[in-house]
Amino acid sequence: MRHQAKMSRLRTQMRQLGPLLKGTLIDRKILCGKPNCRCKKGEGHPGLYLTYSLESKTKTVYIPKKMAAKVRKWTQNYARFKDLLEEMFQIQLKMIREGK
C-alpha cells in the first residue's frame with residue numbers, strides 16, 4: 001500500500017501546481033537597427049524570451065516585462081511536473097517488478 005499512498009501524494013502535488021508552460025526562458029540582448037541607437041555599440045536591448053520546440057523546430061516568443069514573473073512560474077511548474085511524473089514512473093516500475 002505504500003506505493004499507492006506515494007502515487008496519491010504525487011498526483012495531489014501535480015494538481016496543486018497551477019498553469020504549466022513547456023519551454024526555456026532566456027535573457028537576450030538584441031540590436032534594433034536604428035542608426036544612432038546605443039545598441040549599435042554592442043550593448044543591445046535586453047529582453048526575455050521563451051524558446052520551445054514545435055514540430056522539430058525551435059520557436060521563440062518575446063515575453064513582455066509585465067508577464068515575466070508569471071511566465072517564469074509557469075515554466076517552473078512544468079519542470080516540477082516533469083520531475084513528479086518521473087517519480088511516478090519509477091514507482092510504477094517498482095510495482096511491476098514486485099508484481100503488485
# chains A, B, ... in the order shown; residues from 1 in each chain; ligands from 1
>>> residues_around(residues="Leu21 of chain A", least_positions_apart="5", cutoff="9 Å", atoms="only C-alpha atoms", output="number ranges by chain")
A: 71-79
>>> write_last_selection(atoms="N, CA and C atoms", output="short mmCIF file (atom, residue, chain, number, x, y, z; two decimals), in the first residue's frame")
data_model
loop_
_atom_site.label_atom_id
_atom_site.label_comp_id
_atom_site.auth_asym_id
_atom_site.auth_seq_id
_atom_site.Cartn_x
_atom_site.Cartn_y
_atom_site.Cartn_z
N VAL A 71 5.23 34.00 -16.32
CA VAL A 71 5.74 33.01 -17.27
C VAL A 71 6.86 32.19 -16.64
N ARG A 72 7.70 32.84 -15.84
CA ARG A 72 8.77 32.13 -15.14
C ARG A 72 8.17 31.05 -14.22
N LYS A 73 7.12 31.41 -13.49
CA LYS A 73 6.45 30.46 -12.60
C LYS A 73 5.85 29.30 -13.39
N TRP A 74 5.23 29.59 -14.53
CA TRP A 74 4.64 28.54 -15.36
C TRP A 74 5.69 27.55 -15.84
N THR A 75 6.86 28.05 -16.26
CA THR A 75 7.91 27.14 -16.72
C THR A 75 8.48 26.33 -15.56
N GLN A 76 8.55 26.93 -14.38
CA GLN A 76 9.00 26.19 -13.19
C GLN A 76 7.99 25.11 -12.83
N ASN A 77 6.71 25.43 -12.96
CA ASN A 77 5.66 24.43 -12.71
C ASN A 77 5.81 23.25 -13.66
N TYR A 78 6.10 23.53 -14.91
CA TYR A 78 6.26 22.46 -15.90
C TYR A 78 7.44 21.57 -15.54
N ALA A 79 8.56 22.18 -15.13
CA ALA A 79 9.73 21.41 -14.74
C ALA A 79 9.42 20.53 -13.53
#
>>> residues_around(residues="Gln16 of chain A", least_positions_apart="5", cutoff="12 Å", atoms="only C-alpha atoms", output="list in words")
Arg9, Leu10, Arg11, Asn77, Tyr78, Arg80, Phe81 and Leu84 of chain A
>>> residues_around(residues="Val61 of chain A", least_positions_apart="5", cutoff="8 Å", atoms="only C-alpha atoms", output="list in words")
Tyr49, Leu50 and Thr51 of chain A
>>> residues_around(residues="segment 91-93 of chain A", least_positions_apart="6", cutoff="10 Å", atoms="only C-alpha atoms", output="JSON, numbers by chain")
{"A": [3, 4, 6, 7, 85, 99, 100]}
>>> closest_residue(among="A:Arg2, A:Lys22, A:Arg97, A:Arg38", to="Ser53 of chain A", atoms="only C-alpha atoms")
A:Lys22
>>> select_by_dssp(residues="chain A", states="alpha helix (DSSP H)", output="PyMOL selection string")
chain A and resi 2-15+68-98
>>> closest_residue(among="A:Thr24, A:Pro19, A:Ser8, A:Cys32", to="Lys70 of chain A", atoms="only C-alpha atoms")
A:Pro19
>>> select_by_dssp(residues="chain A", states="strand (DSSP E)", output="PyMOL selection string")
chain A and resi 24-30+45-54+57-63
>>> closest_residue(among="A:Leu25, A:Leu20, A:Ala69, A:Ile30", to="Leu48 of chain A", atoms="only C-alpha atoms")
A:Leu25
>>> closest_residue(among="A:Leu54, A:Ala68, A:Met88, A:Leu31", to="Gln13 of chain A", atoms="only C-alpha atoms")
A:Met88
>>> decode(residues="segment 70-95 of chain A", atoms="N, CA, C and O atoms", output="compact mmCIF listing (two decimals), in the first residue's frame")
# COMPACT_ATOMS: atom_id res chain seq x y z
N LYS A 70 5.13 35.75 -14.09
CA LYS A 70 4.09 34.74 -14.31
C LYS A 70 4.60 33.62 -15.22
O LYS A 70 4.45 32.44 -14.91
N VAL A 71 5.23 34.00 -16.32
CA VAL A 71 5.74 33.01 -17.27
C VAL A 71 6.86 32.19 -16.64
O VAL A 71 6.95 30.97 -16.83
N ARG A 72 7.70 32.84 -15.84
CA ARG A 72 8.77 32.13 -15.14
C ARG A 72 8.17 31.05 -14.22
O ARG A 72 8.63 29.91 -14.19
N LYS A 73 7.12 31.41 -13.49
CA LYS A 73 6.45 30.46 -12.60
C LYS A 73 5.85 29.30 -13.39
O LYS A 73 5.95 28.14 -13.00
N TRP A 74 5.23 29.59 -14.53
CA TRP A 74 4.64 28.54 -15.36
C TRP A 74 5.69 27.55 -15.84
O TRP A 74 5.45 26.34 -15.88
N THR A 75 6.86 28.05 -16.26
CA THR A 75 7.91 27.14 -16.72
C THR A 75 8.48 26.33 -15.56
O THR A 75 8.82 25.16 -15.73
N GLN A 76 8.55 26.93 -14.38
CA GLN A 76 9.00 26.19 -13.19
C GLN A 76 7.99 25.11 -12.83
O GLN A 76 8.37 23.99 -12.45
N ASN A 77 6.71 25.43 -12.96
CA ASN A 77 5.66 24.43 -12.71
C ASN A 77 5.81 23.25 -13.66
O ASN A 77 5.65 22.09 -13.26
N TYR A 78 6.10 23.53 -14.91
CA TYR A 78 6.26 22.46 -15.90
C TYR A 78 7.44 21.57 -15.54
O TYR A 78 7.34 20.33 -15.59
N ALA A 79 8.56 22.18 -15.13
CA ALA A 79 9.73 21.41 -14.74
C ALA A 79 9.42 20.53 -13.53
O ALA A 79 9.81 19.36 -13.47
N ARG A 80 8.70 21.08 -12.56
CA ARG A 80 8.32 20.31 -11.38
C ARG A 80 7.37 19.17 -11.77
O ARG A 80 7.49 18.06 -11.27
N PHE A 81 6.44 19.44 -12.68
CA PHE A 81 5.52 18.41 -13.16
C PHE A 81 6.30 17.25 -13.77
O PHE A 81 6.00 16.08 -13.51
N LYS A 82 7.30 17.56 -14.58
CA LYS A 82 8.11 16.51 -15.20
C LYS A 82 8.83 15.68 -14.14
O LYS A 82 8.92 14.45 -14.27
N ASP A 83 9.34 16.33 -13.09
CA ASP A 83 10.01 15.60 -12.01
C ASP A 83 9.03 14.67 -11.29
O ASP A 83 9.36 13.52 -10.99
N LEU A 84 7.83 15.16 -11.02
CA LEU A 84 6.82 14.34 -10.35
C LEU A 84 6.40 13.16 -11.23
O LEU A 84 6.22 12.04 -10.74
N LEU A 85 6.28 13.42 -12.52
CA LEU A 85 5.92 12.36 -13.45
C LEU A 85 7.00 11.28 -13.48
O LEU A 85 6.69 10.08 -13.51
N GLU A 86 8.25 11.69 -13.43
CA GLU A 86 9.35 10.72 -13.41
C GLU A 86 9.30 9.89 -12.12
O GLU A 86 9.53 8.67 -12.16
N GLU A 87 8.98 10.51 -11.00
CA GLU A 87 8.84 9.77 -9.74
C GLU A 87 7.73 8.73 -9.85
O GLU A 87 7.90 7.59 -9.40
N MET A 88 6.62 9.12 -10.46
CA MET A 88 5.50 8.18 -10.64
C MET A 88 5.93 7.00 -11.51
O MET A 88 5.61 5.85 -11.22
N PHE A 89 6.66 7.30 -12.55
CA PHE A 89 7.15 6.25 -13.45
C PHE A 89 8.01 5.25 -12.69
O PHE A 89 7.86 4.03 -12.84
N GLN A 90 8.92 5.77 -11.86
CA GLN A 90 9.81 4.89 -11.10
C GLN A 90 9.03 4.01 -10.11
O GLN A 90 9.33 2.83 -9.95
N ILE A 91 8.02 4.58 -9.48
CA ILE A 91 7.18 3.80 -8.56
C ILE A 91 6.43 2.72 -9.31
O ILE A 91 6.34 1.57 -8.86
N GLN A 92 5.90 3.06 -10.47
CA GLN A 92 5.16 2.08 -11.26
C GLN A 92 6.07 0.95 -11.73
O GLN A 92 5.66 -0.22 -11.76
N LEU A 93 7.30 1.26 -12.07
CA LEU A 93 8.25 0.21 -12.43
C LEU A 93 8.49 -0.73 -11.25
O LEU A 93 8.53 -1.95 -11.42
N LYS A 94 8.64 -0.15 -10.06
CA LYS A 94 8.82 -0.98 -8.85
C LYS A 94 7.61 -1.88 -8.65
O LYS A 94 7.75 -3.07 -8.32
N MET A 95 6.42 -1.33 -8.85
CA MET A 95 5.19 -2.12 -8.68
C MET A 95 5.15 -3.28 -9.66
O MET A 95 4.77 -4.40 -9.30
